[in-house]
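This is data27.cif. It holds mmCIF, C-alpha atoms and all ligand atoms.
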data_work
#
loop_
_atom_site.label_atom_id
_atom_site.label_comp_id
_atom_site.auth_asym_id
_atom_site.auth_seq_id
_atom_site.Cartn_x
_atom_site.Cartn_y
_atom_site.Cartn_z
CA MET G 608 5.45 -59.47 80.29
CA ILE G 609 2.20 -59.74 82.17
CA SER G 610 -0.45 -60.76 79.68
CA LYS G 611 -3.68 -61.85 81.32
CA TYR G 612 -5.00 -60.90 84.66
CA SER G 613 -8.41 -61.00 86.05
CA LEU G 614 -9.64 -59.32 89.13
CA ILE G 615 -12.94 -58.80 90.66
CA ARG G 616 -13.94 -55.63 92.34
CA LEU G 617 -17.29 -55.14 93.87
CA ILE G 618 -18.49 -51.62 93.55
CA SER G 619 -21.81 -50.11 94.16
CA ALA G 620 -22.70 -47.99 91.25
CA LEU G 621 -25.07 -47.01 88.57
CA PRO G 622 -28.17 -45.42 89.94
CA THR G 623 -30.09 -45.68 86.68
CA ILE G 624 -30.47 -49.35 85.81
CA THR G 625 -34.14 -48.67 85.07
CA PRO G 626 -33.95 -46.15 82.22
CA THR G 627 -37.14 -44.23 82.94
CA PRO G 628 -38.23 -43.75 86.55
CA PRO G 629 -41.98 -44.19 87.14
CA LEU G 630 -43.91 -40.97 86.66
CA THR G 631 -45.52 -41.40 90.05
CA VAL G 632 -42.39 -40.54 92.07
CA PRO G 633 -43.81 -38.06 94.57
CA VAL G 634 -40.58 -36.05 94.95
CA THR G 635 -38.47 -34.07 92.50
CA ASN G 636 -36.46 -36.86 90.93
CA SER G 637 -33.91 -34.71 89.17
CA ILE G 638 -32.19 -33.88 92.47
CA SER G 639 -28.65 -35.14 92.80
CA LEU G 640 -25.88 -34.37 95.24
CA THR G 641 -22.45 -33.05 94.36
CA MET G 642 -19.27 -34.15 96.12
CA ALA G 643 -19.25 -30.66 97.70
CA ASP G 644 -22.76 -31.31 99.15
CA ILE G 645 -21.59 -34.60 100.62
CA ASN G 646 -18.42 -33.09 102.07
CA SER G 647 -20.38 -30.19 103.52
CA TYR G 648 -22.87 -32.59 105.17
CA ARG G 649 -20.02 -34.55 106.71
CA GLU G 650 -18.49 -31.31 108.01
CA ILE G 651 -21.63 -29.65 109.45
CA GLY G 652 -23.98 -32.63 109.92
CA TYR G 653 -26.97 -31.44 107.85
CA HIS G 654 -27.93 -30.63 104.30
CA VAL G 655 -30.85 -28.60 102.97
CA ILE G 656 -32.62 -29.46 99.71
CA PRO G 657 -34.83 -26.62 98.47
CA ASN G 658 -37.97 -27.73 96.60
CA LEU G 659 -37.69 -31.45 97.26
CA LEU G 660 -41.41 -31.41 96.47
CA SER G 661 -43.01 -29.55 93.57
CA PRO G 662 -46.24 -27.66 94.39
CA SER G 663 -48.39 -30.58 93.19
CA GLN G 664 -46.27 -33.13 95.06
CA LEU G 665 -46.56 -30.99 98.20
CA GLU G 666 -50.34 -31.09 97.85
CA GLN G 667 -50.16 -34.90 97.55
CA TRP G 668 -48.02 -35.18 100.73
CA ARG G 669 -50.31 -32.82 102.63
CA THR G 670 -53.43 -34.74 101.64
CA ILE G 671 -51.94 -38.12 102.56
CA VAL G 672 -50.12 -37.10 105.76
CA PHE G 673 -52.85 -34.86 107.21
CA GLY G 674 -55.44 -37.52 106.36
CA ALA G 675 -53.47 -40.14 108.29
CA VAL G 676 -52.80 -37.76 111.21
CA LYS G 677 -56.47 -36.85 111.46
CA ASP G 678 -57.40 -40.50 111.46
CA ARG G 679 -54.81 -41.34 114.12
CA ALA G 680 -55.66 -38.29 116.20
CA GLU G 681 -59.30 -39.25 116.31
CA LYS G 682 -58.26 -42.60 117.69
CA LYS G 683 -56.13 -40.68 120.21
CA TYR G 684 -52.91 -42.58 119.95
CA LYS G 685 -49.50 -41.45 118.97
CA PHE G 686 -47.95 -44.79 118.12
CA SER G 687 -49.09 -47.37 115.63
CA THR G 688 -50.08 -49.70 118.45
CA VAL G 689 -52.66 -48.58 121.00
CA ASN G 690 -51.66 -48.10 124.65
CA GLU G 691 -47.93 -48.10 124.03
CA GLU G 692 -46.10 -45.59 126.18
CA ASP G 693 -43.74 -42.89 125.12
CA HIS G 694 -40.35 -43.49 126.76
CA THR G 695 -38.46 -40.60 125.23
CA ASN G 696 -40.12 -37.69 126.90
CA ILE G 697 -40.81 -36.41 130.37
CA ASP G 698 -42.97 -33.43 131.36
CA PHE G 699 -45.81 -34.91 129.32
CA ASP G 700 -48.18 -31.93 129.49
CA TYR G 701 -45.45 -29.68 128.23
CA TYR G 702 -44.36 -32.17 125.55
CA ASP G 703 -47.92 -32.60 124.34
CA ASN G 704 -47.83 -28.96 123.40
CA VAL G 705 -44.46 -29.19 121.58
CA PHE G 706 -46.24 -30.73 118.65
CA THR G 707 -48.89 -33.14 117.53
CA GLN G 708 -46.63 -36.13 116.95
CA ARG G 709 -47.86 -39.21 115.10
CA VAL G 710 -45.34 -42.01 114.76
CA SER G 711 -45.03 -44.75 112.10
CA LEU G 712 -48.00 -43.68 110.04
CA TRP G 713 -46.68 -46.01 107.34
CA GLN G 714 -47.68 -48.96 109.51
CA THR G 715 -51.33 -47.98 109.75
CA HIS G 716 -51.87 -46.17 106.46
CA ASN G 717 -51.02 -47.77 103.14
CA SER G 718 -51.14 -44.40 101.43
CA VAL G 719 -48.28 -43.18 103.67
CA LYS G 720 -46.36 -46.41 103.11
CA GLU G 721 -46.65 -46.03 99.32
CA LEU G 722 -45.70 -42.37 99.52
CA LEU G 723 -42.54 -43.10 101.47
CA LEU G 724 -41.49 -46.13 99.44
CA GLU G 725 -42.09 -44.38 96.13
CA SER G 726 -39.94 -41.49 97.36
CA GLY G 727 -37.18 -43.85 98.48
CA GLY G 728 -35.32 -43.71 95.17
CA VAL G 729 -34.68 -40.02 95.84
CA ILE G 730 -34.87 -39.57 99.63
CA GLY G 731 -33.18 -42.87 100.49
CA LYS G 732 -30.53 -42.34 97.84
CA ILE G 733 -29.68 -38.89 99.19
CA ALA G 734 -29.48 -40.35 102.70
CA ALA G 735 -27.25 -43.20 101.46
CA GLU G 736 -24.89 -40.83 99.69
CA LEU G 737 -24.69 -38.38 102.58
CA GLU G 738 -23.93 -41.14 105.06
CA GLY G 739 -21.87 -43.29 102.69
CA ILE G 740 -24.02 -46.39 103.22
CA ASP G 741 -25.37 -48.95 100.75
CA CYS G 742 -28.82 -49.62 102.14
CA VAL G 743 -31.35 -47.39 103.86
CA ARG G 744 -34.22 -48.78 105.92
CA ILE G 745 -37.08 -46.97 107.63
CA TRP G 746 -36.80 -46.94 111.40
CA CYS G 747 -39.98 -44.88 111.68
CA ASP G 748 -41.72 -41.88 110.25
CA GLN G 749 -43.17 -39.02 112.27
CA ALA G 750 -45.59 -36.27 111.41
CA LEU G 751 -44.54 -33.34 113.61
CA ILE G 752 -47.12 -30.59 113.68
CA LYS G 753 -46.40 -27.58 115.80
CA GLU G 754 -49.85 -26.30 116.52
CA PRO G 755 -50.47 -22.56 117.05
CA PHE G 756 -48.48 -21.27 120.04
CA ALA G 757 -46.74 -24.62 120.58
CA ASN G 758 -43.68 -24.99 122.80
CA PRO G 759 -40.16 -25.16 121.38
CA THR G 760 -38.48 -28.52 120.74
CA ALA G 761 -35.58 -28.90 123.19
CA TRP G 762 -32.03 -29.38 121.91
CA HIS G 763 -31.26 -33.05 121.41
CA LEU G 764 -29.62 -35.61 119.16
CA ASP G 765 -31.68 -38.51 117.85
CA ILE G 766 -29.67 -41.69 117.94
CA PRO G 767 -29.44 -42.18 121.74
CA TYR G 768 -33.23 -42.75 121.81
CA TRP G 769 -33.43 -45.37 119.11
CA SER G 770 -33.33 -49.15 119.56
CA PHE G 771 -30.19 -49.63 117.49
CA THR G 772 -26.88 -47.83 117.64
CA SER G 773 -25.41 -46.45 114.45
CA LEU G 774 -23.19 -43.54 113.59
CA HIS G 775 -24.92 -43.49 110.17
CA ALA G 776 -28.54 -42.97 111.13
CA ILE G 777 -30.06 -39.98 109.35
CA SER G 778 -33.41 -38.17 109.22
CA VAL G 779 -35.19 -36.16 106.61
CA TRP G 780 -37.45 -33.31 107.75
CA ILE G 781 -39.85 -32.20 105.03
CA ALA G 782 -41.63 -28.86 105.50
CA LEU G 783 -45.34 -29.25 104.72
CA ASP G 784 -45.91 -25.58 105.64
CA ASP G 785 -43.47 -22.71 105.37
CA ALA G 786 -41.23 -23.10 108.44
CA THR G 787 -40.25 -19.66 109.70
CA LEU G 788 -38.39 -18.08 112.59
CA GLU G 789 -41.81 -17.15 113.97
CA ASN G 790 -43.57 -20.52 113.76
CA GLY G 791 -40.84 -22.92 114.94
CA CYS G 792 -38.36 -23.72 112.18
CA MET G 793 -35.51 -26.15 112.81
CA TYR G 794 -32.22 -25.07 114.39
CA PHE G 795 -28.97 -27.01 113.99
CA MET G 796 -25.64 -26.84 115.80
CA PRO G 797 -23.21 -27.30 112.89
CA GLY G 798 -20.37 -29.72 113.57
CA SER G 799 -21.81 -30.97 116.88
CA HIS G 800 -22.14 -34.46 115.35
CA LYS G 801 -18.36 -34.77 115.53
CA VAL G 802 -18.35 -33.95 119.24
CA THR G 803 -21.11 -36.45 120.04
CA GLU G 804 -19.32 -39.09 117.96
CA ARG G 805 -16.03 -38.49 119.78
CA ARG G 806 -17.83 -38.72 123.11
CA TYR G 807 -19.46 -41.98 122.03
CA TYR G 808 -16.05 -43.52 121.48
CA ALA G 809 -14.59 -41.97 124.63
CA GLU G 810 -17.44 -43.43 126.70
CA ASN G 811 -16.90 -46.97 125.52
CA ASN G 812 -19.37 -46.91 122.65
CA THR G 813 -22.31 -45.50 124.59
CA PHE G 814 -24.39 -42.35 124.41
CA THR G 815 -25.70 -40.39 127.36
CA GLU G 816 -29.46 -40.38 126.98
CA ILE G 817 -31.11 -37.10 127.92
CA LYS G 818 -34.89 -37.17 128.25
CA ILE G 819 -36.57 -34.46 126.22
CA GLY G 820 -38.37 -32.26 128.72
CA LYS G 821 -39.19 -28.67 129.53
CA ASN G 822 -35.65 -27.51 129.84
CA LEU G 823 -34.44 -26.51 126.40
CA SER G 824 -30.79 -26.84 127.28
CA ASP G 825 -30.59 -30.08 129.30
CA ILE G 826 -28.43 -31.60 126.56
CA PHE G 827 -25.62 -29.21 127.48
CA ASN G 828 -25.33 -30.80 130.90
CA ALA G 829 -24.07 -33.82 128.98
CA TYR G 830 -22.06 -31.78 126.46
CA PRO G 831 -20.89 -28.66 128.38
CA GLU G 832 -18.20 -28.00 125.77
CA LEU G 833 -20.98 -27.19 123.27
CA LYS G 834 -22.62 -24.47 125.38
CA THR G 835 -20.72 -21.76 123.55
CA TRP G 836 -21.16 -23.14 120.02
CA GLN G 837 -23.02 -21.22 117.36
CA THR G 838 -26.40 -22.44 116.16
CA VAL G 839 -28.10 -21.92 112.83
CA ALA G 840 -31.81 -21.32 112.20
CA VAL G 841 -33.02 -23.12 109.08
CA PRO G 842 -36.26 -21.55 107.88
CA MET G 843 -37.57 -23.14 104.71
CA LYS G 844 -40.38 -22.98 102.22
CA ALA G 845 -43.07 -25.66 102.21
CA GLY G 846 -41.82 -28.54 100.04
CA SER G 847 -38.17 -28.03 100.97
CA ALA G 848 -36.36 -30.46 103.24
CA SER G 849 -33.33 -30.90 105.45
CA PHE G 850 -31.39 -34.08 106.16
CA HIS G 851 -29.62 -34.32 109.51
CA SER G 852 -27.28 -36.83 111.06
CA GLY G 853 -28.57 -38.87 114.00
CA LEU G 854 -25.56 -37.48 115.88
CA LEU G 855 -26.29 -33.81 115.26
CA ILE G 856 -27.63 -31.59 118.03
CA HIS G 857 -30.78 -29.82 116.87
CA GLY G 858 -34.05 -28.36 118.09
CA ALA G 859 -36.86 -26.09 116.93
CA GLY G 860 -38.29 -22.78 118.04
CA ALA G 861 -41.65 -22.10 119.63
CA ASN G 862 -44.61 -21.42 117.40
CA MET G 863 -45.37 -17.79 118.21
CA THR G 864 -48.10 -17.58 115.59
CA PRO G 865 -51.76 -18.58 115.33
CA GLY G 866 -50.89 -20.75 112.30
CA ARG G 867 -49.70 -24.35 112.02
CA ARG G 868 -46.13 -25.52 111.27
CA ALA G 869 -46.26 -29.03 109.89
CA ALA G 870 -43.42 -31.35 108.91
CA MET G 871 -43.22 -34.97 107.80
CA THR G 872 -40.05 -36.75 108.82
CA ILE G 873 -38.48 -40.14 108.14
CA GLN G 874 -35.95 -41.63 110.53
CA MET G 875 -33.60 -43.83 108.51
CA MET G 876 -31.12 -46.55 109.42
CA PRO G 877 -28.51 -48.65 107.63
CA ASP G 878 -28.93 -52.39 107.06
CA ASN G 879 -28.01 -55.03 109.67
CA MET G 880 -28.74 -52.93 112.76
CA VAL G 881 -28.70 -54.87 116.02
CA PHE G 882 -31.19 -54.38 118.89
CA ASN G 883 -29.57 -52.40 121.73
CA GLY G 884 -32.25 -52.92 124.40
CA LYS G 885 -33.97 -49.50 124.12
CA GLN G 886 -37.73 -49.46 123.64
CA ASN G 887 -38.31 -46.24 121.67
CA ILE G 888 -41.06 -47.13 119.15
CA LEU G 889 -41.08 -50.86 119.86
CA THR G 890 -44.15 -52.51 121.34
CA LYS G 891 -44.05 -54.47 124.59
CA LYS G 892 -44.50 -57.65 122.57
CA GLN G 893 -41.48 -56.83 120.43
CA MET G 894 -39.47 -55.98 123.54
CA ASN G 895 -40.23 -59.41 124.95
CA GLU G 896 -39.20 -61.14 121.75
CA LEU G 897 -36.06 -59.22 120.79
CA GLN G 898 -32.64 -60.23 122.09
CA ILE G 899 -30.13 -57.51 122.89
CA GLY G 900 -27.01 -57.79 120.73
CA VAL G 901 -28.58 -60.57 118.66
CA SER G 902 -31.81 -59.51 116.96
CA VAL G 903 -31.28 -57.62 113.72
CA PHE G 904 -33.76 -55.12 112.23
CA ASN G 905 -33.65 -56.55 108.73
CA ASP G 906 -37.27 -57.66 108.43
CA ASP G 907 -38.69 -55.83 105.42
CA ASN G 908 -42.17 -55.94 106.97
CA LEU G 909 -41.00 -54.03 110.04
CA ASN G 910 -38.18 -51.91 108.66
CA PRO G 911 -38.80 -51.60 104.92
CA ILE G 912 -35.97 -50.83 102.58
CA LEU G 913 -36.23 -47.27 101.32
CA TYR G 914 -33.23 -47.51 99.05
CA LYS G 915 -30.57 -50.03 98.15
CA LYS G 916 -27.72 -49.14 95.84
CA PRO G 917 -27.89 -51.17 92.67
CA CYS G 918 -24.66 -53.15 92.88
CA LEU G 919 -22.54 -54.27 90.04
CA LEU G 920 -19.73 -56.70 89.93
CA ILE G 921 -17.00 -55.57 87.59
CA LEU G 922 -14.70 -58.19 86.21
CA SER G 923 -11.60 -57.27 84.29
CA GLU G 924 -10.62 -60.08 81.98
CA ALA G 925 -7.42 -58.94 80.28
CA SER G 926 -8.37 -55.65 78.59
CA ASN G 927 -12.14 -55.79 78.90
CA LEU G 928 -14.29 -54.55 81.75
CA TYR G 929 -17.48 -56.59 82.20
CA TRP G 930 -20.44 -55.37 84.25
CA TRP G 931 -22.76 -57.75 86.05
CA SER G 932 -25.92 -56.92 87.90
CA LEU G 933 -26.07 -58.48 91.36
CA TYR G 934 -29.64 -57.51 92.18
CA GLY G 935 -32.72 -58.80 90.45
CA GLU G 936 -31.96 -60.89 87.43
CA ARG G 937 -28.25 -61.87 87.35
CA LYS G 938 -27.09 -60.85 83.92
CA ASP G 939 -24.20 -59.19 82.21
CA MET G 940 -25.00 -55.53 81.66
CA GLY G 941 -22.20 -54.42 79.42
CA MET G 942 -18.55 -54.63 78.42
CA PHE G 943 -15.97 -52.26 77.05
CA TYR G 944 -12.29 -52.26 76.18
CA GLY G 945 -10.19 -50.41 78.80
CA PRO G 946 -6.63 -49.53 77.72
CA SER G 947 -5.86 -46.92 75.08
CA THR G 948 -3.09 -49.05 73.57
CA PRO G 949 -4.09 -52.36 71.96
CA GLY G 950 -2.66 -55.47 73.60
CA GLU G 951 -2.41 -53.94 77.10
CA SER G 952 -4.36 -55.22 80.11
CA ILE G 953 -6.26 -53.57 82.98
CA LEU G 954 -4.72 -54.73 86.25
CA SER G 955 -6.45 -52.54 88.81
CA ILE G 956 -9.74 -50.70 89.15
CA CYS G 957 -11.48 -48.63 91.78
CA ALA G 958 -14.36 -46.15 92.06
CA ASP G 959 -14.58 -42.77 93.80
CA ALA G 960 -16.68 -42.29 96.95
CA THR G 961 -19.83 -41.43 95.02
CA ASN G 962 -19.29 -44.22 92.47
CA ARG G 963 -19.49 -41.67 89.70
CA HIS G 964 -16.01 -42.30 88.37
CA LEU G 965 -14.24 -45.53 87.55
CA ILE G 966 -10.44 -45.40 87.65
CA SER G 967 -8.25 -48.07 86.09
CA GLY G 968 -4.54 -48.77 85.84
CA ASP G 969 -3.09 -50.82 82.97
CA THR G 970 0.01 -52.77 82.03
CA HIS G 971 1.35 -49.77 80.11
CA GLY G 972 1.38 -47.69 83.31
CA GLU G 973 -1.56 -45.55 82.17
CA ILE G 974 -4.37 -44.34 84.42
CA HIS G 975 -7.83 -43.90 82.87
CA ILE G 976 -10.94 -42.29 84.32
CA TRP G 977 -14.49 -42.86 83.07
CA ASN G 978 -17.75 -41.32 84.15
CA ILE G 979 -19.90 -44.33 85.06
CA GLU G 980 -22.77 -42.38 86.62
CA ASP G 981 -25.29 -43.43 83.98
CA TYR G 982 -23.50 -46.38 82.52
CA CYS G 983 -25.23 -49.71 82.34
CA CYS G 984 -25.37 -50.66 78.71
CA SER G 985 -23.06 -51.89 76.06
CA THR G 986 -21.52 -48.62 74.91
CA THR G 987 -18.34 -47.31 76.52
CA PRO G 988 -19.06 -44.86 79.36
CA PRO G 989 -17.89 -41.27 78.80
CA PHE G 990 -14.10 -41.08 78.98
CA VAL G 991 -12.92 -38.31 81.34
CA HIS G 992 -9.13 -38.31 81.42
CA SER G 993 -6.04 -40.47 81.12
CA TRP G 994 -2.33 -40.00 81.74
CA GLN G 995 0.92 -41.91 82.06
CA GLY G 996 1.09 -42.60 85.80
CA HIS G 997 3.98 -45.05 85.92
CA LEU G 998 6.71 -46.44 83.69
CA SER G 999 5.54 -50.03 84.09
CA PRO G 1000 2.30 -51.89 84.98
CA ILE G 1001 0.01 -50.38 87.61
CA ILE G 1002 -0.98 -53.20 89.90
CA PHE G 1003 -2.93 -51.22 92.48
CA CYS G 1004 -5.14 -48.13 92.48
CA GLU G 1005 -7.29 -46.66 95.21
CA CYS G 1006 -9.33 -43.49 95.35
CA ILE G 1007 -8.81 -41.36 98.46
CA ASP G 1008 -11.19 -38.58 99.39
CA TYR G 1009 -9.59 -35.74 101.23
CA LYS G 1010 -11.52 -32.98 102.99
CA GLY G 1011 -12.03 -30.66 100.03
CA ASP G 1012 -13.80 -31.32 96.76
CA ASP G 1013 -10.92 -33.17 95.21
CA SER G 1014 -10.18 -36.85 95.16
CA PHE G 1015 -6.68 -38.29 95.15
CA ILE G 1016 -5.70 -41.47 93.42
CA LEU G 1017 -3.08 -43.68 95.00
CA THR G 1018 -1.34 -46.04 92.59
CA GLY G 1019 1.32 -48.71 92.98
CA SER G 1020 3.38 -50.19 90.18
CA THR G 1021 5.95 -52.82 89.32
CA ASP G 1022 8.30 -49.83 88.75
CA HIS G 1023 8.65 -49.98 92.59
CA THR G 1024 6.91 -46.66 93.19
CA VAL G 1025 3.70 -45.63 94.84
CA ARG G 1026 2.27 -42.33 93.60
CA LEU G 1027 -0.48 -39.98 94.70
O1 LIG G 1101 -39.93 -30.58 114.16
C1 LIG G 1101 -39.38 -30.39 115.24
O2 LIG G 1101 -39.78 -29.51 115.99
C2 LIG G 1101 -38.21 -31.20 115.67
C3 LIG G 1101 -37.86 -32.27 114.71
C4 LIG G 1101 -36.78 -33.19 115.16
O3 LIG G 1101 -36.27 -33.11 116.24
C5 LIG G 1101 -36.33 -34.22 114.23
O4 LIG G 1101 -36.86 -34.31 113.12
O5 LIG G 1101 -35.40 -34.96 114.60
#
Show this structure as structure tokens.
Ligand SMILES: O=C(O)CCC(=O)C(=O)O
Amino acid sequence: MISKYSLIRLISALPTITPTPPLTVPVTNSISLTMADINSYREIGYHVIPNLLSPSQLEQWRTIVFGAVKDRAEKKYKFSTVNEEDHTNIDFDYYDNVFTQRVSLWQTHNSVKELLLESGGVIGKIAAELEGIDCVRIWCDQALIKEPFANPTAWHLDIPYWSFTSLHAISVWIALDDATLENGCMYFMPGSHKVTERRYYAENNTFTEIKIGKNLSDIFNAYPELKTWQTVAVPMKAGSASFHSGLLIHGAGANMTPGRRAAMTIQMMPDNMVFNGKQNILTKKQMNELQIGVSVFNDDNLNPILYKKPCLLILSEASNLYWWSLYGERKDMGMFYGPSTPGESILSICADATNRHLISGDTHGEIHIWNIEDYCCSTTPPFVHSWQGHLSPIIFCECIDYKGDDSFILTGSTDHTVRL
């Protein structure tokens, strides 16, 4: 009989290693995504979070962002470095009246930097979960203020403009004023991210770059198959936010009112992104120094980390599951006994896509599920379910997410069967 096994599985889990989040978090920190939210985002390419900011947090964002924009506007430059050109847009007079756009305010204003970084535990975590990535860095931030009677924002997708190429880039768009059908709310084309992704692969891992100009629909010259697709207007209350994939086609209406429509946005990227040769927000100096295909945007001073999943190493030594923190101080965080029958051993473990559930298979052929969402101390995490999966030891288990809300567990055993 198999008696002692040990195996090491690295899973990213446990969002709450620090028991009490700092009170200064400038976003609603009770927000969490469900598996249905994540699946919906992956299907349609965007996700709306009502009331990301409470009324007092909204006031804080407005004060900080408008203060920085005013400061930048008085100095008359859009980018954080003076005299850098904008390479994304043509028809400059027209574009100037799409919105007042101020880029990378975090670089020139510490208050903005603190605001974004303190929000990272919520905003970055949502982005990480929606995109299924472990680390979220800031590519840039942009205040986008549609002034009274401003032009519409032409249909586009974001990633072709940026200086790295990733299918997991994502933006958050936070309404600092009510965004309405009348004043230029966002519009999305649900599901278009799948078309642009397919095209990327079909065209040898490249994107067609369309300059954003006067013509609202130029993008459809590149994607004619999308001309007949439905679009969705996404009006939202001030303080609410939407997250959209860097692959999703989106735009915004004209401001037909004498009032302002302001939004603060953060453009986010995964870790280890490689320079692709495009200038976008980079300075001439950076362009001269960076090497295409070699330079990586992992410098925390240039692309700060907004969120990194706290990682744990789980070690199963016979029947016990040990938890080790890999970030910060390396220490054991907890241990509990796995099997329901004494003397049995855990031979396989895995976690679901959101790392909320830990699944284990033991030498008795039993499958156990625990809720590890908030587990990081010495008590046993809440037990969810267990059943006899096989007649003999389970040596392999893997969690498989299928389109709907449900997860499947694939197990393999020394009874010569594989079960789903
Ligand atoms: O605010 C807008 O008008 C457009 C915003 C946008 O395109 C974006 O956040 O990617």
For stretch 1015-1020 of chain G, list every protein, DNA or RNA residue within 7 Å, evaluated using all atoms listed in the file, and leave out those in the same chain fewer than 2 positions away; present the list as an mmCIF file with C-alpha atoms, keeping the file's coordinate frame.
data_model
loop_
_atom_site.group_PDB
_atom_site.id
_atom_site.type_symbol
_atom_site.label_atom_id
_atom_site.label_comp_id
_atom_site.auth_asym_id
_atom_site.auth_seq_id
_atom_site.Cartn_x
_atom_site.Cartn_y
_atom_site.Cartn_z
ATOM 1 C CA HIS G 997 3.980 -45.050 85.920
ATOM 2 C CA SER G 999 5.540 -50.030 84.090
ATOM 3 C CA PRO G 1000 2.300 -51.890 84.980
ATOM 4 C CA ILE G 1001 0.010 -50.380 87.610
ATOM 5 C CA ILE G 1002 -0.980 -53.200 89.900
ATOM 6 C CA PHE G 1003 -2.930 -51.220 92.480
ATOM 7 C CA CYS G 1004 -5.140 -48.130 92.480
ATOM 8 C CA GLU G 1005 -7.290 -46.660 95.210
ATOM 9 C CA CYS G 1006 -9.330 -43.490 95.350
ATOM 10 C CA ILE G 1007 -8.810 -41.360 98.460
ATOM 11 C CA ASP G 1008 -11.190 -38.580 99.390
ATOM 12 C CA ASP G 1013 -10.920 -33.170 95.210
ATOM 13 C CA ASP G 1022 8.300 -49.830 88.750
ATOM 14 C CA HIS G 1023 8.650 -49.980 92.590
ATOM 15 C CA THR G 1024 6.910 -46.660 93.190
ATOM 16 C CA VAL G 1025 3.700 -45.630 94.840
ATOM 17 C CA ARG G 1026 2.270 -42.330 93.600
ATOM 18 C CA LEU G 1027 -0.480 -39.980 94.700
#
Using all atoms listed in the file, collect all residues at a distance of at most 6 Å from (-34.6, -43.9, 107.2) as written in the file, then present them as a PyMOL selection string.
-> chain G and resi 743-746+873-876
Nearby residues, (-41.4, -32.2, 109.0) file frame, 9 Å, only C-alpha atoms, as a ChimeraX atom specification | /G:749-752,779-784,848-849,868-873
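What separates atom CA of G:Lys732 from atom CA of G:Met880 is a distance of 18.4 Å.
If you measure from each of G:Ala960, G:Leu889, G:Ile953, G:Val672 to G:Ile645 using only C-alpha atoms, the closest one turns out to be G:Ala960.
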Could you tell me how far atom CA of G:Gly941 lies from atom CA of G:Ile912, in Å and to one decimal?
-> 27.2 Å
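Atom pair atom CA of G:Val719 / atom CA of G:Trp668: separated by 8.5 Å.
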Quick one: residues within 10 Å of G:Lys753, all atoms listed in the file, excluding same-chain residues fewer than 3 positions away - as an mmCIF file with C-alpha atoms, in the frame of the given file?
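Writing done, so here's out_3.cif:
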data_model
loop_
_atom_site.group_PDB
_atom_site.id
_atom_site.type_symbol
_atom_site.label_atom_id
_atom_site.label_comp_id
_atom_site.auth_asym_id
_atom_site.auth_seq_id
_atom_site.Cartn_x
_atom_site.Cartn_y
_atom_site.Cartn_z
ATOM 1 C CA ASN G 704 -47.830 -28.960 123.400
ATOM 2 C CA VAL G 705 -44.460 -29.190 121.580
ATOM 3 C CA PHE G 706 -46.240 -30.730 118.650
ATOM 4 C CA THR G 707 -48.890 -33.140 117.530
ATOM 5 C CA GLN G 708 -46.630 -36.130 116.950
ATOM 6 C CA ALA G 750 -45.590 -36.270 111.410
ATOM 7 C CA PHE G 756 -48.480 -21.270 120.040
ATOM 8 C CA ALA G 757 -46.740 -24.620 120.580
ATOM 9 C CA ASN G 758 -43.680 -24.990 122.800
ATOM 10 C CA PRO G 759 -40.160 -25.160 121.380
ATOM 11 C CA THR G 760 -38.480 -28.520 120.740
ATOM 12 C CA ASN G 790 -43.570 -20.520 113.760
ATOM 13 C CA GLY G 791 -40.840 -22.920 114.940
ATOM 14 C CA CYS G 792 -38.360 -23.720 112.180
ATOM 15 C CA ALA G 859 -36.860 -26.090 116.930
ATOM 16 C CA GLY G 860 -38.290 -22.780 118.040
ATOM 17 C CA ALA G 861 -41.650 -22.100 119.630
ATOM 18 C CA ASN G 862 -44.610 -21.420 117.400
ATOM 19 C CA GLY G 866 -50.890 -20.750 112.300
ATOM 20 C CA ARG G 867 -49.700 -24.350 112.020
ATOM 21 C CA ARG G 868 -46.130 -25.520 111.270
ATOM 22 C CA ALA G 869 -46.260 -29.030 109.890
ATOM 23 C CA ALA G 870 -43.420 -31.350 108.910
#
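Considering the residues G:Ala958, G:Met942, G:Ile856, G:Ala840 and counting all atoms listed in the file, ligand LIG 1101 (chain G) has its shortest atom-to-atom contact with G:Ile856.
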Which one of G:Lys916, G:Lys720, G:Lys844, G:His763 sits closest to G:Thr961 if you count only C-alpha atoms?
-> G:Lys916
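Minimum atom-to-atom distances from G:Phe904, G:Tyr808, G:Trp762, G:Phe882 to G:Thr838 were compared using all atoms listed in the file, and the lowest value belongs to G:Trp762.
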Quick one: everything within 12 Å of stretch 800-804 of chain G, counting all atoms listed in the file, minus sequence neighbours fewer than 5 positions away in the same chain. Send it as number ranges by chain.
-> G: 648-653, 763-767, 772-777, 795, 809-816, 826-827, 829-833, 836, 851-857
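Proximity of G:Phe699, G:Tyr944, G:Phe771, G:Tyr794 to ligand LIG 1101 (chain G), computed with all atoms listed in the file, is greatest for G:Tyr794.
Proximity to ligand LIG 1101 (chain G) was assessed for G:Asp698, G:Asp748, G:Asp969, G:Asp678 counting only C-alpha atoms and all ligand atoms; the smallest distance is recorded for G:Asp748.
Residues with any atom within 8 Å of G:Leu659, counting only C-alpha atoms and excluding same-chain neighbours fewer than 4 positions away, are Val634, Thr635, Ile638, Gly846, Ser847 and Ala848 of chain G.
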